[in-house]
Structure formats: structure tokens, C-alpha cells
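Pasted below: coords-v6.pdb, PDB, C-alpha atoms, pLDDT in the B column.
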ATOM      1  CA  MET A1235      12.956  -5.907   4.112  1.00 86.00           C
ATOM      2  CA  ALA A1236      14.138  -3.176   1.737  1.00 95.00           C
ATOM      3  CA  GLY A1237      12.628   0.054   0.450  1.00 97.00           C
ATOM      4  CA  TRP A1238      12.773   1.044  -3.211  1.00 98.00           C
ATOM      5  CA  ASN A1239      11.501   4.516  -4.079  1.00 98.00           C
ATOM      6  CA  LEU A1240      12.396   4.565  -7.730  1.00 98.00           C
ATOM      7  CA  TRP A1241      10.463   7.769  -8.382  1.00 98.00           C
ATOM      8  CA  HIS A1242       9.216  10.383  -5.956  1.00 98.00           C
ATOM      9  CA  GLY A1243       6.217  12.693  -5.920  1.00 97.00           C
ATOM     10  CA  CYS A1244       2.578  12.174  -6.804  1.00 97.00           C
ATOM     11  CA  ARG A1245      -0.651  14.003  -7.529  1.00 95.00           C
ATOM     12  CA  LYS A1246      -3.403  13.701  -4.928  1.00 95.00           C
ATOM     13  CA  LEU A1247      -6.162  11.499  -6.240  1.00 94.00           C
ATOM     14  CA  SER A1248      -8.781  10.723  -3.586  1.00 96.00           C
ATOM     15  CA  GLU A1249      -9.852  11.430  -0.022  1.00 95.00           C
ATOM     16  CA  GLY A1250      -7.130   9.216   1.403  1.00 95.00           C
ATOM     17  CA  CYS A1251      -4.532  11.548  -0.148  1.00 96.00           C
ATOM     18  CA  ARG A1252      -5.711  14.665   1.692  1.00 94.00           C
ATOM     19  CA  HIS A1253      -3.043  14.525   4.409  1.00 94.00           C
ATOM     20  CA  CYS A1254      -0.414  12.581   2.465  1.00 94.00           C
ATOM     21  CA  TYR A1255       2.773  12.053   4.465  1.00 91.00           C
ATOM     22  CA  VAL A1256       4.934  12.644   1.379  1.00 94.00           C
ATOM     23  CA  TYR A1257       3.466  16.117   0.993  1.00 95.00           C
ATOM     24  CA  ARG A1258       4.080  16.805   4.701  1.00 92.00           C
ATOM     25  CA  GLN A1259       7.686  15.702   4.483  1.00 92.00           C
ATOM     26  CA  ASP A1260       8.434  17.546   1.255  1.00 93.00           C
ATOM     27  CA  ALA A1261       6.875  20.744   2.623  1.00 92.00           C
ATOM     28  CA  GLN A1262       9.496  20.762   5.371  1.00 91.00           C
ATOM     29  CA  TRP A1263      12.132  21.125   2.648  1.00 91.00           C
ATOM     30  CA  GLU A1264      10.051  23.523   0.550  1.00 91.00           C
ATOM     31  CA  GLN A1265       9.720  20.907  -2.194  1.00 93.00           C
ATOM     32  CA  ASP A1266       6.684  20.393  -4.402  1.00 95.00           C
ATOM     33  CA  ALA A1267       5.502  16.819  -3.819  1.00 95.00           C
ATOM     34  CA  SER A1268       3.196  16.983  -6.841  1.00 95.00           C
ATOM     35  CA  GLN A1269       6.214  16.951  -9.157  1.00 96.00           C
ATOM     36  CA  VAL A1270       7.133  13.379 -10.087  1.00 97.00           C
ATOM     37  CA  ARG A1271      10.818  12.777 -10.529  1.00 97.00           C
ATOM     38  CA  LYS A1272      13.083   9.798 -11.027  1.00 97.00           C
ATOM     39  CA  THR A1273      15.329   9.152  -8.024  1.00 98.00           C
ATOM     40  CA  ALA A1274      18.965   8.218  -7.590  1.00 98.00           C
ATOM     41  CA  ALA A1275      17.763   4.855  -6.230  1.00 98.00           C
ATOM     42  CA  PHE A1276      16.095   3.925  -9.526  1.00 98.00           C
ATOM     43  CA  ASN A1277      18.294   0.874 -10.186  1.00 98.00           C
ATOM     44  CA  LEU A1278      18.629  -0.208  -6.549  1.00 98.00           C
ATOM     45  CA  PRO A1279      17.359  -3.818  -6.955  1.00 98.00           C
ATOM     46  CA  VAL A1280      20.005  -4.660  -9.562  1.00 98.00           C
ATOM     47  CA  ARG A1281      22.987  -2.952  -7.954  1.00 98.00           C
ATOM     48  CA  ARG A1282      25.858  -5.266  -7.105  1.00 98.00           C
ATOM     49  CA  ASP A1283      28.706  -5.134  -4.627  1.00 97.00           C
ATOM     50  CA  ARG A1284      32.394  -5.641  -5.427  1.00 97.00           C
ATOM     51  CA  THR A1285      31.986  -9.411  -5.399  1.00 97.00           C
ATOM     52  CA  GLY A1286      29.254  -9.245  -8.039  1.00 97.00           C
ATOM     53  CA  ARG A1287      26.460 -10.120  -5.649  1.00 97.00           C
ATOM     54  CA  TYR A1288      23.249  -8.134  -5.518  1.00 98.00           C
ATOM     55  CA  LYS A1289      23.315  -5.556  -2.730  1.00 97.00           C
ATOM     56  CA  ILE A1290      19.725  -6.556  -1.913  1.00 98.00           C
ATOM     57  CA  PRO A1291      20.060 -10.262  -1.157  1.00 97.00           C
ATOM     58  CA  PRO A1292      17.720 -12.965  -2.468  1.00 97.00           C
ATOM     59  CA  GLY A1293      14.616 -13.582  -0.394  1.00 98.00           C
ATOM     60  CA  GLU A1294      14.071  -9.949   0.590  1.00 98.00           C
ATOM     61  CA  THR A1295      10.677  -8.270   0.447  1.00 98.00           C
ATOM     62  CA  ILE A1296      11.117  -4.983  -1.415  1.00 98.00           C
ATOM     63  CA  TYR A1297       8.595  -2.291  -0.485  1.00 98.00           C
ATOM     64  CA  THR A1298       8.183  -0.503  -3.797  1.00 98.00           C
ATOM     65  CA  CYS A1299       7.351   3.127  -4.545  1.00 97.00           C
ATOM     66  CA  PHE A1300       6.171   4.269  -1.115  1.00 96.00           C
ATOM     67  CA  THR A1301       6.828   7.974  -1.863  1.00 97.00           C
ATOM     68  CA  SER A1302       4.794   7.959  -5.064  1.00 98.00           C
ATOM     69  CA  ASP A1303       2.377   5.661  -6.892  1.00 98.00           C
ATOM     70  CA  PHE A1304       3.831   2.972  -9.142  1.00 98.00           C
ATOM     71  CA  PHE A1305       1.127   3.663 -11.749  1.00 98.00           C
ATOM     72  CA  VAL A1306       1.229   7.464 -11.700  1.00 98.00           C
ATOM     73  CA  GLU A1307       0.998   8.766 -15.259  1.00 97.00           C
ATOM     74  CA  GLU A1308       4.167  10.850 -15.142  1.00 97.00           C
ATOM     75  CA  ALA A1309       6.223   7.685 -14.584  1.00 98.00           C
ATOM     76  CA  ASP A1310       4.995   5.903 -17.724  1.00 98.00           C
ATOM     77  CA  VAL A1311       8.293   6.649 -19.481  1.00 98.00           C
ATOM     78  CA  TRP A1312      10.288   4.809 -16.780  1.00 98.00           C
ATOM     79  CA  ARG A1313       7.995   1.887 -16.005  1.00 98.00           C
ATOM     80  CA  ASP A1314       9.261  -0.560 -18.647  1.00 98.00           C
ATOM     81  CA  ASP A1315      12.740  -0.281 -17.140  1.00 98.00           C
ATOM     82  CA  ALA A1316      11.243  -0.778 -13.697  1.00 98.00           C
ATOM     83  CA  TRP A1317       9.457  -3.943 -14.805  1.00 98.00           C
ATOM     84  CA  ALA A1318      12.708  -5.210 -16.341  1.00 98.00           C
ATOM     85  CA  MET A1319      14.453  -4.896 -12.979  1.00 98.00           C
ATOM     86  CA  ILE A1320      11.556  -6.554 -11.172  1.00 98.00           C
ATOM     87  CA  ARG A1321      11.637  -9.364 -13.737  1.00 98.00           C
ATOM     88  CA  GLU A1322      15.368  -9.831 -13.186  1.00 98.00           C
ATOM     89  CA  ARG A1323      14.957 -10.026  -9.407  1.00 98.00           C
ATOM     90  CA  SER A1324      12.459 -12.881  -9.317  1.00 98.00           C
ATOM     91  CA  ASP A1325      14.364 -14.091  -6.238  1.00 98.00           C
ATOM     92  CA  CYS A1326      12.763 -11.272  -4.199  1.00 98.00           C
ATOM     93  CA  THR A1327       9.175 -10.298  -3.432  1.00 98.00           C
ATOM     94  CA  PHE A1328       8.004  -6.877  -4.588  1.00 98.00           C
ATOM     95  CA  LEU A1329       5.161  -5.265  -2.656  1.00 98.00           C
ATOM     96  CA  ILE A1330       3.402  -2.516  -4.637  1.00 98.00           C
ATOM     97  CA  ILE A1331       0.505  -0.517  -3.161  1.00 98.00           C
ATOM     98  CA  THR A1332      -1.539   1.670  -5.510  1.00 98.00           C
ATOM     99  CA  LYS A1333      -4.519   4.007  -5.554  1.00 98.00           C
ATOM    100  CA  ARG A1334      -4.432   3.856  -9.360  1.00 98.00           C
ATOM    101  CA  ILE A1335      -5.563   0.277  -9.856  1.00 98.00           C
ATOM    102  CA  ASP A1336      -7.652   1.517 -12.792  1.00 98.00           C
ATOM    103  CA  ARG A1337      -4.371   2.087 -14.693  1.00 98.00           C
ATOM    104  CA  ALA A1338      -2.855  -1.296 -13.945  1.00 98.00           C
ATOM    105  CA  ALA A1339      -4.272  -3.145 -16.957  1.00 97.00           C
ATOM    106  CA  VAL A1340      -2.557  -0.808 -19.440  1.00 97.00           C
ATOM    107  CA  CYS A1341       0.678  -0.670 -17.426  1.00 98.00           C
ATOM    108  CA  LEU A1342       1.388  -4.365 -16.873  1.00 98.00           C
ATOM    109  CA  PRO A1343       4.252  -5.915 -18.875  1.00 98.00           C
ATOM    110  CA  ALA A1344       3.492  -7.993 -21.964  1.00 97.00           C
ATOM    111  CA  ASP A1345       4.670 -11.225 -20.320  1.00 98.00           C
ATOM    112  CA  TRP A1346       2.644 -10.729 -17.150  1.00 98.00           C
ATOM    113  CA  GLY A1347       0.357 -13.682 -17.934  1.00 97.00           C
ATOM    114  CA  ASP A1348      -1.755 -14.531 -14.899  1.00 96.00           C
ATOM    115  CA  GLY A1349       0.636 -12.581 -12.685  1.00 97.00           C
ATOM    116  CA  TRP A1350       4.263 -12.809 -11.649  1.00 98.00           C
ATOM    117  CA  PRO A1351       4.464 -14.914  -8.470  1.00 97.00           C
ATOM    118  CA  HIS A1352       7.017 -12.586  -6.877  1.00 98.00           C
ATOM    119  CA  VAL A1353       4.888  -9.421  -7.240  1.00 98.00           C
ATOM    120  CA  VAL A1354       2.132  -8.561  -4.759  1.00 98.00           C
ATOM    121  CA  LEU A1355       0.024  -5.756  -6.201  1.00 98.00           C
ATOM    122  CA  CYS A1356      -2.107  -4.230  -3.428  1.00 98.00           C
ATOM    123  CA  CYS A1357      -5.185  -2.037  -3.873  1.00 98.00           C
ATOM    124  CA  THR A1358      -6.108   0.698  -1.403  1.00 98.00           C
ATOM    125  CA  CYS A1359      -9.623   1.708  -0.425  1.00 97.00           C
ATOM    126  CA  GLU A1360     -10.184   4.248   2.318  1.00 97.00           C
ATOM    127  CA  THR A1361     -13.915   4.885   1.844  1.00 98.00           C
ATOM    128  CA  GLN A1362     -16.876   2.847   0.636  1.00 98.00           C
ATOM    129  CA  GLU A1363     -17.037   4.860  -2.557  1.00 98.00           C
ATOM    130  CA  ARG A1364     -13.404   4.056  -3.377  1.00 98.00           C
ATOM    131  CA  ALA A1365     -13.882   0.393  -2.445  1.00 98.00           C
ATOM    132  CA  ASP A1366     -16.864   0.073  -4.771  1.00 98.00           C
ATOM    133  CA  TYR A1367     -14.933   1.722  -7.599  1.00 98.00           C
ATOM    134  CA  ARG A1368     -11.549   0.060  -7.194  1.00 98.00           C
ATOM    135  CA  LEU A1369     -12.238  -3.461  -5.998  1.00 98.00           C
ATOM    136  CA  PRO A1370     -14.273  -4.657  -9.037  1.00 98.00           C
ATOM    137  CA  ILE A1371     -11.343  -3.504 -11.211  1.00 98.00           C
ATOM    138  CA  TYR A1372      -8.868  -5.165  -8.868  1.00 98.00           C
ATOM    139  CA  LEU A1373     -10.728  -8.467  -8.960  1.00 98.00           C
ATOM    140  CA  SER A1374     -10.795  -8.390 -12.763  1.00 98.00           C
ATOM    141  CA  LEU A1375      -6.997  -8.260 -13.080  1.00 98.00           C
ATOM    142  CA  PRO A1376      -4.793 -11.322 -13.579  1.00 98.00           C
ATOM    143  CA  LEU A1377      -2.953 -11.510 -10.240  1.00 98.00           C
ATOM    144  CA  ARG A1378      -1.391 -14.271  -8.167  1.00 96.00           C
ATOM    145  CA  TRP A1379      -1.984 -12.409  -4.892  1.00 95.00           C
ATOM    146  CA  ARG A1380      -4.525  -9.822  -3.777  1.00 97.00           C
ATOM    147  CA  GLU A1381      -4.130  -7.697  -0.665  1.00 98.00           C
ATOM    148  CA  VAL A1382      -6.542  -4.860   0.106  1.00 98.00           C
ATOM    149  CA  ILE A1383      -5.134  -1.923   2.076  1.00 98.00           C
ATOM    150  CA  CYS A1384      -7.692   0.125   4.029  1.00 98.00           C
ATOM    151  CA  GLU A1385      -5.342   2.915   5.160  1.00 97.00           C
ATOM    152  CA  PRO A1386      -6.238   5.467   6.188  1.00 97.00           C
ATOM    153  CA  LEU A1387      -9.537   3.908   7.264  1.00 98.00           C
ATOM    154  CA  LEU A1388     -11.883   6.898   7.113  1.00 98.00           C
ATOM    155  CA  GLU A1389     -15.276   5.265   7.623  1.00 98.00           C
ATOM    156  CA  ARG A1390     -16.997   1.950   8.176  1.00 98.00           C
ATOM    157  CA  LEU A1391     -16.509  -0.314   5.144  1.00 98.00           C
ATOM    158  CA  ASP A1392     -18.595  -3.196   3.874  1.00 98.00           C
ATOM    159  CA  LEU A1393     -16.266  -5.414   1.829  1.00 98.00           C
ATOM    160  CA  SER A1394     -18.273  -8.589   2.358  1.00 98.00           C
ATOM    161  CA  ARG A1395     -19.328  -9.079  -1.257  1.00 98.00           C
ATOM    162  CA  TYR A1396     -15.733  -8.742  -2.446  1.00 98.00           C
ATOM    163  CA  LEU A1397     -14.347 -11.015   0.261  1.00 98.00           C
ATOM    164  CA  ALA A1398     -16.986 -13.611  -0.601  1.00 97.00           C
ATOM    165  CA  THR A1399     -15.417 -14.097  -4.039  1.00 97.00           C
ATOM    166  CA  GLY A1400     -12.573 -16.018  -2.395  1.00 96.00           C
ATOM    167  CA  ARG A1401     -10.098 -14.039  -4.494  1.00 97.00           C
ATOM    168  CA  ILE A1402      -8.757 -11.684  -1.809  1.00 98.00           C
ATOM    169  CA  ASP A1403      -5.896 -13.076   0.262  1.00 97.00           C
ATOM    170  CA  SER A1404      -5.670 -10.473   3.010  1.00 97.00           C
ATOM    171  CA  VAL A1405      -6.924  -7.120   4.259  1.00 98.00           C
ATOM    172  CA  TRP A1406      -4.793  -4.585   6.126  1.00 97.00           C
ATOM    173  CA  CYS A1407      -6.262  -1.588   7.876  1.00 98.00           C
ATOM    174  CA  GLY A1408      -5.051   1.344   9.930  1.00 98.00           C
ATOM    175  CA  GLY A1409      -5.697   4.918  10.904  1.00 98.00           C
ATOM    176  CA  GLU A1410      -4.259   8.153   9.563  1.00 97.00           C
ATOM    177  CA  SER A1411      -1.027   9.661  10.876  1.00 94.00           C
ATOM    178  CA  GLY A1412       0.008  13.286  11.216  1.00 93.00           C
ATOM    179  CA  SER A1413      -1.156  16.334  13.148  1.00 92.00           C
ATOM    180  CA  GLU A1414      -4.255  16.738  10.965  1.00 94.00           C
ATOM    181  CA  ALA A1415      -5.226  13.065  11.067  1.00 97.00           C
ATOM    182  CA  ARG A1416      -8.896  12.205  10.895  1.00 97.00           C
ATOM    183  CA  VAL A1417     -10.388   9.884  13.490  1.00 98.00           C
ATOM    184  CA  CYS A1418     -10.322   6.119  12.990  1.00 98.00           C
ATOM    185  CA  ASP A1419     -13.036   4.341  14.975  1.00 98.00           C
ATOM    186  CA  TYR A1420     -12.057   1.031  16.552  1.00 98.00           C
ATOM    187  CA  ASP A1421     -15.555  -0.290  15.840  1.00 98.00           C
ATOM    188  CA  TRP A1422     -14.838   0.111  12.105  1.00 98.00           C
ATOM    189  CA  VAL A1423     -11.681  -1.933  12.571  1.00 98.00           C
ATOM    190  CA  LEU A1424     -13.484  -4.699  14.465  1.00 98.00           C
ATOM    191  CA  ASP A1425     -16.288  -4.811  11.901  1.00 98.00           C
ATOM    192  CA  LEU A1426     -13.786  -5.182   9.074  1.00 98.00           C
ATOM    193  CA  ARG A1427     -12.079  -7.940  11.033  1.00 98.00           C
ATOM    194  CA  ARG A1428     -15.409  -9.736  11.470  1.00 98.00           C
ATOM    195  CA  GLN A1429     -16.026  -9.625   7.714  1.00 98.00           C
ATOM    196  CA  CYS A1430     -12.592 -11.112   7.062  1.00 98.00           C
ATOM    197  CA  VAL A1431     -13.011 -13.862   9.655  1.00 97.00           C
ATOM    198  CA  ASP A1432     -16.419 -14.775   8.203  1.00 97.00           C
ATOM    199  CA  ALA A1433     -14.884 -15.009   4.718  1.00 97.00           C
ATOM    200  CA  GLY A1434     -11.719 -16.812   5.812  1.00 97.00           C
ATOM    201  CA  VAL A1435      -9.502 -13.916   4.740  1.00 97.00           C
ATOM    202  CA  GLU A1436      -6.372 -12.870   6.631  1.00 97.00           C
ATOM    203  CA  PHE A1437      -6.777  -9.607   8.552  1.00 98.00           C
ATOM    204  CA  ARG A1438      -4.104  -7.257   9.912  1.00 98.00           C
ATOM    205  CA  PHE A1439      -4.551  -4.157  12.048  1.00 98.00           C
ATOM    206  CA  ARG A1440      -1.324  -2.367  11.143  1.00 97.00           C
ATOM    207  CA  GLN A1441      -1.542   0.956  12.962  1.00 97.00           C
ATOM    208  CA  THR A1442      -3.929   2.929  15.122  1.00 98.00           C
ATOM    209  CA  GLY A1443      -3.346   6.262  13.460  1.00 97.00           C
ATOM    210  CA  ALA A1444      -2.908   9.483  15.431  1.00 97.00           C
ATOM    211  CA  ARG A1445      -6.550   9.653  16.548  1.00 98.00           C
ATOM    212  CA  LEU A1446      -8.288   6.429  17.534  1.00 98.00           C
ATOM    213  CA  ARG A1447     -11.850   6.449  18.856  1.00 98.00           C
ATOM    214  CA  LYS A1448     -12.714   3.584  21.173  1.00 97.00           C
ATOM    215  CA  GLU A1449     -15.926   3.296  23.156  1.00 95.00           C
ATOM    216  CA  GLY A1450     -16.744   6.923  22.381  1.00 95.00           C
ATOM    217  CA  GLN A1451     -13.430   8.383  23.520  1.00 97.00           C
ATOM    218  CA  VAL A1452     -10.795   9.705  21.110  1.00 97.00           C
ATOM    219  CA  TYR A1453      -7.221   8.838  22.037  1.00 97.00           C
ATOM    220  CA  ARG A1454      -4.226  10.781  20.706  1.00 97.00           C
ATOM    221  CA  ILE A1455      -1.441   8.318  19.927  1.00 97.00           C
ATOM    222  CA  ARG A1456       2.085   9.450  19.169  1.00 96.00           C
ATOM    223  CA  ARG A1457       3.618   8.272  15.903  1.00 95.00           C
ATOM    224  CA  GLN A1458       6.183   5.958  17.492  1.00 96.00           C
ATOM    225  CA  PHE A1459       3.454   3.997  19.273  1.00 97.00           C
ATOM    226  CA  GLN A1460       0.872   3.652  16.483  1.00 98.00           C
ATOM    227  CA  HIS A1461       2.136   0.304  15.166  1.00 97.00           C
ATOM    228  CA  SER A1462       2.913  -1.194  18.568  1.00 97.00           C
ATOM    229  CA  GLN A1463      -0.491  -0.233  19.984  1.00 97.00           C
ATOM    230  CA  ALA A1464      -2.192  -1.882  17.026  1.00 98.00           C
ATOM    231  CA  ARG A1465      -0.201  -5.069  17.665  1.00 97.00           C
ATOM    232  CA  LYS A1466      -1.136  -4.977  21.353  1.00 97.00           C
ATOM    233  CA  ALA A1467      -4.798  -5.091  20.370  1.00 96.00           C
ATOM    234  CA  GLY A1468      -4.140  -8.694  19.355  1.00 97.00           C
ATOM    235  CA  ILE A1469      -6.856  -8.821  16.719  1.00 97.00           C
ATOM    236  CA  ASP A1470      -4.870  -9.950  13.666  1.00 97.00           C
ATOM    237  CA  SER A1471      -6.466 -13.035  12.176  1.00 94.00           C
ATOM    238  CA  LEU A1472      -4.990 -15.625   9.828  1.00 89.00           C
ATOM    239  CA  ALA A1473      -6.981 -17.001   6.925  1.00 74.00           C
ATOM    240  CA  LYS A1474      -8.750 -20.303   7.359  1.00 66.00           C
ATOM    241  CA  LYS A1475      -6.768 -23.311   6.184  1.00 48.00           C
TER     242      LYS A1475
END
Rewritten as C-alpha cells:
Amino acid sequence: MAGWNLWHGCRKLSEGCRHCYVYRQDAQWEQDASQVRKTAAFNLPVRRDRTGRYKIPPGETIYTCFTSDFFVEEADVWRDDAWAMIRERSDCTFLIITKRIDRAAVCLPADWGDGWPHVVLCCTCETQERADYRLPIYLSLPLRWREVICEPLLERLDLSRYLATGRIDSVWCGGESGSEARVCDYDWVLDLRRQCVDAGVEFRFRQTGARLRKEGQVYRIRRQFQHSQARKAGIDSLAKK
């Protein structure tokens, strides 16, 4: 697993951005996280060592643009070069999560076809309103893989009509982190899991968030335990074969 933050900074777009961790981190250094800038790691996937081998070895999953949004408008001038590097590294898997799925169609490379098999383009939806706006667009795009990311999960979601299309491969969900985190209700998580199981779609509960409500009680969970506590719940479900 490797991280590739080729540009940094983003403009808040929807309710899920309210307590963005990038803004929290940048504020500690008195930096403006709304300013999008190219990073020194821009060419990381194609860097080579002294022997001529790629520094990121074949077979790695590269988590792409986690301190910005891959489709943010300010990065349009750099995106063709980014696609060229992704094209070159077809021996790796690139995971891209976006809140700007409505920009994807005009930002995909000319040779995208029905999707590059080594690129997993994920769509986020934190509320029902965002799900109903983004997921029809997401389902209309030519993609090999579709993963829906419900983080932070801010309310109960009904994704059943989208899951029923058979075109979504997996759903991830999790609560919000940080001192100002909004509550994630475990019942919302279980209901989303039920929808996925009914549709034969893989489901993953990735993190509890900082405030998890279960059976009417709100639990405060420290950051270092949010992923492990979600795993301990044991509710991840694989897709039907």
C-alpha cells in the first residue's frame, strides 16, 4: 500500500466536508487548505531507484489524492500528466475517492474506453441528498469497478435502488473523526449492511468515527481505536458468489 498526494488542498463542497481532516491538519501549521497546490510527490509513481526499478513496486495499491480531490477544478492543468503516470503504472492499482463525480466525465482521458482495469474510482455519499445526486451520475460512467464510500455516514441511507442495479461492487461506511465529529448511529451502519447483503454487494465497516451511538448511548472512541473497533464488530460481508 502506498499513498500518492500529487496535489494538496481543496474547497469544501458538501456536508461531509464540514470537518475535513485536511483543514484541521493545515490549520495547525497556519496553512490555508482551500488553496490547491502541486506537491513535491507529484511524480512519485514513476520514480526509480538507482537500479532503474520503480520505487513503488508492481502490485501495490496506490491510495491517490487523499489530501485533495482528484477532480478539483484547480488541478485541471496537471491532470493529463497525472493520467499519463497512472497509464504507465498499469502494474499497480490506483484507488481514487471523489466527491466531484459530476466532473469525472469531462476529466477522464481520451483512451479511457470502458474503464482502465487498474483504476478504482470511488464515489462518496454522506447523506441521502448526496447519494441521490451522485450515484445516478456514478452509474452512468464507464467504469470497471464501482465502490461507494459512505464516510462520514451522517444519516440513515437508502441505497437499495442503486445496489439493485448490480453495478456496484462494494460499499464502505464509517463515522466522522475529530473533536467536532458528528454522531454515527450503529443502526444506520447495520441497515446499510442489510441492504448490501440483500443485493449481494460487498460491505465494509471501516471505522466507528469519534462518536458512535449504539442502543441509544453515544460512545467516545479515540482515533487510534476507530478502525480496530469497527473490525471487532465483525459485520463486514463479502459479495455473493
Please report as CSV every residue of range 1275-1384 of chain A lying within 6 Å of range 1392-1408 of chain A, along with the nearest atom pair and their distance in Å (one decimal), using all atoms listed in the file.
residue,atom,partner,partner_atom,distance
A:Arg1380,CA,A:Ile1402,CA,5.0
A:Glu1381,CA,A:Ser1404,CA,4.9
A:Val1382,CA,A:Val1405,CA,4.7
A:Ile1383,CA,A:Trp1406,CA,4.9
A:Cys1384,CA,A:Cys1407,CA,4.4
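Straight-line separation from CA of Arg1323 in chain A to CA of Arg1284 in chain A: 18.4 Å.
Of the residues listed (A:Leu1472, A:Trp1241, A:Cys1356, A:Tyr1367), A:Trp1241 shows the shortest atom-to-atom separation from Val1311 in chain A; distances use only C-alpha atoms.
Between CA of Leu1426 in chain A and CA of Pro1370 in chain A lies a distance of 18.1 Å.
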Contact residues around Lys1272 in chain A with all atoms listed in the file at 12 Å, ignoring same-chain residues under 2 positions, as a PyMOL selection string: chain A and resi 1238-1244+1269-1270+1274-1277+1299+1301-1302+1304+1308-1313+1315-1316
Could you spell out the hits of the PyMOL selection byres ((chain A and resi 1327) around 10) on the shown file, as a ChimeraX atom specification? /A:1235,1292-1298,1320,1323-1326,1328-1330,1350-1354
Need the shell around Pro1386 in chain A: protein/DNA/RNA residues with any atom at most 8 Å away, counting all atoms listed in the file. Skip same-chain ones fewer than 2 positions apart. Format as a list in words? Gly1250, Glu1360, Cys1384, Leu1388, Cys1407, Gly1408, Gly1409, Glu1410, Cys1418 and Gly1443 of chain A
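CA of Glu1389 in chain A sits 21.4 Å away from CA of Gly1468 in chain A.
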Written as a list in words, which residues does the PyMOL selection byres ((chain A and resi 1427) around 9) give for the file shown? Val1405, Trp1422, Val1423, Leu1424, Asp1425, Leu1426, Arg1428, Gln1429, Cys1430, Val1431, Asp1432, Glu1436, Phe1437, Arg1438, Phe1439, Ile1469, Asp1470 and Ser1471 of chain A
Name every residue that the PyMOL selection byres ((chain A and resi 1340-1347) around 9) selects in this structure, writing the answer as a compact mmCIF listing (two decimals) with C-alpha atoms, keeping the file's coordinate frame with chains first and numbers rising.
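Output (result33.txt):
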# COMPACT_ATOMS: atom_id res chain seq x y z
CA PHE A 1305 1.13 3.66 -11.75
CA ASP A 1310 5.00 5.90 -17.72
CA ARG A 1313 8.00 1.89 -16.00
CA ASP A 1314 9.26 -0.56 -18.65
CA TRP A 1317 9.46 -3.94 -14.80
CA ALA A 1318 12.71 -5.21 -16.34
CA ASP A 1336 -7.65 1.52 -12.79
CA ARG A 1337 -4.37 2.09 -14.69
CA ALA A 1338 -2.86 -1.30 -13.94
CA ALA A 1339 -4.27 -3.14 -16.96
CA ASP A 1348 -1.76 -14.53 -14.90
CA GLY A 1349 0.64 -12.58 -12.68
CA TRP A 1350 4.26 -12.81 -11.65
CA PRO A 1376 -4.79 -11.32 -13.58
CA LEU A 1377 -2.95 -11.51 -10.24
Shell around His1461 in chain A at 7 Å using all atoms listed in the file, local window under 5 positions removed, as JSON, numbers by chain: {"A": [1440, 1441, 1442]}
What box, with edges along x, y and z, holds each listed atom of range 1399-1415 of chain A when 3 Å is added on every side, and can you state its centre and edge lengths in Å to one decimal, as AutoDock Vina command-line options?
--center_x -7.7 --center_y 0.4 --center_z 4.3 --size_x 21.4 --size_y 38.8 --size_z 23.6
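With all atoms listed in the file as the atoms that count, the minimum distance from Tyr1453 in chain A to the choices A:Arg1364, A:Arg1416, A:Arg1465, A:Arg1282 is reached by A:Arg1416.
Of the listed residues (A:Phe1300, A:Gln1458, A:Met1319, A:Val1306), A:Met1319 comes nearest to Tyr1288 in chain A; the distances count all atoms listed in the file.
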